[in-house]
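See structure below.
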Amino acid sequence: MRDRPRLFVTYSSEMSLLPTWTQKTAALIFLAVLALVPFGVIPGLGFLSDNDWMKILSRVAIFAIGALGLHILSGLAGQVSLGHAFFVAVGAYTAAVLGGETGTSHWGLGLPIWIWLPAAGAVAAAIGALIAPTAVRVRGIYLAIVTLGLVFIGEWIFRSLPSLTGGAQAGRKFPGFEIRLWKEEVPLLDPTADGSWFGVEMTGEAKTYLLLLVLVVLAVVVAKNLQRTRVGRAFMSIRDRDIAAEVMGVADARYKLMAFALSSAFAGVSGAVLGAFVGRLVPEGFSLILSVEFVAILLIGGIGTVTGTLLGAAFVVILPRLVQDFTGLLASTAETGSGIPASIAGVFVSTSNGDFGIVSTLPGTSPGLNIAQFNLLLYGLLLIGFLIFEPLGLYGIWIRIRNYWKSWPFTY
Amino acid sequence: MIFGILTFAQAGGQDAVEKFANATSSGIALGAIYALLALGLVLIYKATQVLNFAHGAIAALGAFFAAYLATVINFPGRYVTFAPTTVQWILSALVAVVITAAVGLLLERLAIRPMIGEPLFSVVMITIALDIVIRTITNDLIGANPRPLGDPWGADVIDLGPAVIAKSEVATVIVTIICLVGIALFFRSRYGIAMRATAFDQEAAMAQGISAGRIFAMAWAIGAGLAAIAGIFSSLFPRSSVGVGTTTAFFAFRALPAIVIGGLDSITGAVLGGFIVGLAESYAGTYLAGPSWSFLGLGFSGVMPYIVMLIVLLVRPYGLFGTEEIRRV
């Protein structure tokens, strides 16, 4: 320990983004690791540089941006929302109209990314501000149902506007990540094509990941910085006790409206990059399940903290992949392995019809869930487990580890 | 409702009378199912302060149990072969309701009891997670194809002159009335009074020797049983021609506007809200359909409950019969 890191002598040093020396170093190392991941130079993390994992990490980044939006609304301002998917959809379709190809069946202006990406956030924020006056009137569980209604009404609107969304079950193409000055043929930078970038050979997936990483870092800085501004403190006072906040002069309705708008802006940007990343989306994709996924990120990560939100995003997005790998491992052990491991795996996996097992690897076999169902089941069970046993989420686990080592070797 | 009456007045004539009568009767039958779902939701909410988002999944599970008992293993039926088939089916359905109520008990004990006193968001989320888990298991049990329930009414209808009503719709309304009367009687019984006392003031009730945990369990069991009944009737002929399938669970999400319209903590409100939502959906499906309304797109009647809910909430933020929360600093 160089000096006394918890001793703050000025207010500004106490309120700085990363108040201690340790936090500064940790953040820097973490950022450096994330930036170096696509080059496969970090020992032990080399496998992350293949295209499959690059895609998963890009997805983590996209969900982290959206989840940071929900963090502002639910974590800071304390407003329960199940309607995040609606704002994600608004952002995605704003990007599609502004940046999409001009066609006979869809609206599309073909504008470059530096227009459609900020516009997606701005339009989503505007819609959020438009809806907020209704949402501000209701509280608690009523708000949860109203925002749930928003998702259903939104899904119906998007299904009924084929020129905007491509129609039910058909979907439309979204603009890509190509960076253009205006509508020229050859883009200035193409983060989706393989090739050399500033003299370094990189795959398109790695380039997309780096681009998204920049966006996430921006989003994190904005969300983290918000907590130490007047607006952020107002949000937190409303969350902790809204009447007391009002008595102290915090304009309840105005700040809730701001929270809705800000959160929607993040959701909109996340939707726009999600569209660009996936390429083609159907309006049914923006359903309650997407909202639930964002809420799950917040609750699993640890509600009310930026670090927790990032951890949660990584956990929720990577989990299905891990489950898939795990089931694959079980299946191969059950089929080709021998001895005790094979018999244990055989209990869980059914490889042929009539064989007992929780998961079946063959399509249409019975009994047994298929892998997608097993993913869902595990996801639900994990959520329940986290909520019951670790209400503070992954961040809570970290806090416990930290506190243990703080006073080590003493127990208190 | 308002839309319906307006269009009715414009059109006039015999056809319009029939159209209106059919829309109303099917709206009432639909409303009865929503009322059953809403009743269970409000019962659970009043007793435990938990809004059960897993209600639809529980309803689908109940309908699956009924389908399995009635068509696959013919459970009580094979021991009472002397009884008419209608009675055999009703017995199967009753057993399914009892099993679902037991599942409700189990859920309450395993997942809800540890969450008492946790923040609202966590409690909402745990019921959504329960919904995911139960829905996945139910879908796997149902299998690839929907399962018919083997009910004795099939697609039979009764022609009442202006309106044609399915026999199962009549059964739905009768069963709903029986359930409503049953709940009303239950609230006058010893346990019902204990439940009302717990809902009113938990600590005072416990001081009187009422076991709050037992009340919670009872509320979940009754709620799950009511959900099973609603699930069974929502899988019968006019609602679904194929029986209980993977989409049955989503039906219950439209009962959420019903309880918000009525007010979350009002039993009367829940029943009334259920019928309002059912009628609104039915009228929207009848009158806002056809070429001149094609701009509304597909499935407008499905979002009608939510639109009615938003209108009601704009006027009354605590629903029609809900008690306004008194907030202290």
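Letters for chains follow the order of the structure tokens (A, B, ...), residue numbers begin at 1 for each chain, and ligand numbers begin at 1 in the order shown.
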
Taking the DSSP secondary structure from the backbone, can you list the residues of range 125-317 of chain A that are strand (DSSP E or B), as a compact mmCIF listing (two decimals) with C-alpha atoms, in the first residue's frame?
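Output file out23.txt is given in full below:
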```
# COMPACT_ATOMS: atom_id res chain seq x y z
CA ARG A 172 -36.03 -6.82 -42.77
CA LYS A 173 -32.36 -6.22 -43.33
CA ILE A 179 -18.43 3.67 -41.76
CA LEU A 189 -13.76 1.73 -42.83
CA GLY A 195 -8.32 -7.66 -43.74
CA SER A 196 -5.62 -5.46 -42.41
CA TRP A 197 -6.47 -2.50 -40.17
CA VAL A 200 -2.60 -5.38 -38.29
CA GLU A 201 -4.30 -8.37 -39.89
CA MET A 202 -7.74 -8.89 -38.31
CA ARG A 280 -31.87 -9.40 -40.02
CA LEU A 281 -34.50 -9.31 -37.26
```

For range 131-135 of chain A, work out the shell of residues within 6 Å, counting only C-alpha atoms and skipping chain neighbours fewer than 3 positions away, then give it as a ChimeraX atom specification.
-> /A:128,138,257

Restricting the output to C-alpha atoms, write the selected residues as a compact mmCIF listing (two decimals), in the first residue's frame.
```txt
# COMPACT_ATOMS: atom_id res chain seq x y z
CA GLY A 128 -39.47 7.34 -23.84
CA VAL A 138 -48.44 4.74 -11.63
CA LEU A 257 -39.19 11.56 -17.26
```

Interface, chain A side, toward chain B (6 Å; only C-alpha atoms) as a VMD selection string | chain A and resid 138 149 153 160 243 to 244 377 380 384

Have a look at CA of Glu205 in chain A and CA of Ala193 in chain A and let me know their distance in Å, one decimal.
->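 So the two atoms, CA of Glu205 in chain A and CA of Ala193 in chain A, lie 8.0 Å apart.
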
Neighbours of Ala252 in chain B within 7 Å (only C-alpha atoms; same-chain residues fewer than 4 positions away dropped), as a list in words?
->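 Residues near the query, excluding close chain neighbours: Leu37, His55 and Gly56 of chain B.
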
In Å, how far is it from CA of Ala206 in chain A to CA of Gly275 in chain A?
->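 If I compute the distance from CA of Ala206 in chain A to CA of Gly275 in chain A, I get 17.7 Å.
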
Please identify all polymer residues within 12 Å of Ala197 in chain B, counting only C-alpha atoms, omitting same-chain residues fewer than 4 positions from it, and present them as a PyMOL selection string.
-> chain B and resi 46-47+187-188+190-193+201-212+215

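The space separating CA of Pro191 in chain A from CA of Trp53 in chain A comes to 16.6 Å.
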
Find the residues around Gly31 in chain B up to 8 Å (only C-alpha atoms counted), leave out those fewer than 2 positions away in its own chain, and share them as an NGL selection string.
-> :B and (27-29 or 33-35 or 274-279)

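Among the candidates B:Leu288, B:Ile142, B:Ala224, B:Ile326, the residue lying nearest to Gly40 in chain B is B:Ala224 (atoms considered: only C-alpha atoms).
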
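Within 8 Å of Gly312 in chain A, once only C-alpha atoms are used and residues closer than 2 positions along the same chain are dropped, the contacting residues are Ala296, Ile297, Leu298, Leu299, Ile300, Gly301, Gly302, Gly308, Thr309, Leu310, Ala314, Phe315, Val316 and Leu394 of chain A.
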
Polymer residues at most 7 Å from Ile72 in chain A, only C-alpha atoms, same-chain spacing of 5 or more positions, as a list in words |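 The filter keeps Ala77, Ala259 and Ser263 of chain A.
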
Create the file for the chosen residues now, containing N, CA and C atoms and written as a JSON list (two decimals), in the first residue's frame.
```
[["chain", "number", "residue", "atom", "x", "y", "z"],
["A", 77, "ALA", "N", -32.95, 5.11, -10.65],
["A", 77, "ALA", "CA", -34.20, 5.83, -10.35],
["A", 77, "ALA", "C", -35.24, 4.93, -9.72],
["A", 259, "ALA", "N", -35.23, 10.05, -16.47],
["A", 259, "ALA", "CA", -34.72, 8.68, -16.34],
["A", 259, "ALA", "C", -35.23, 7.81, -17.48],
["A", 263, "SER", "N", -32.69, 6.24, -20.23],
["A", 263, "SER", "CA", -32.65, 4.78, -20.32],
["A", 263, "SER", "C", -33.04, 4.33, -21.72]]
```

Best match for closeness to Ala272 in chain A among A:Gly66, A:Pro43, A:Gly204, A:Gly199, counting only C-alpha atoms =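 Among A:Gly66, A:Pro43, A:Gly204, A:Gly199, it is A:Gly66 that comes nearest to Ala272 in chain A.
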
A:Arg4, A:Arg139, A:Arg402, A:Arg254 ranked by distance to Ala234 in chain A, top pick (using only C-alpha atoms) = A:Arg254
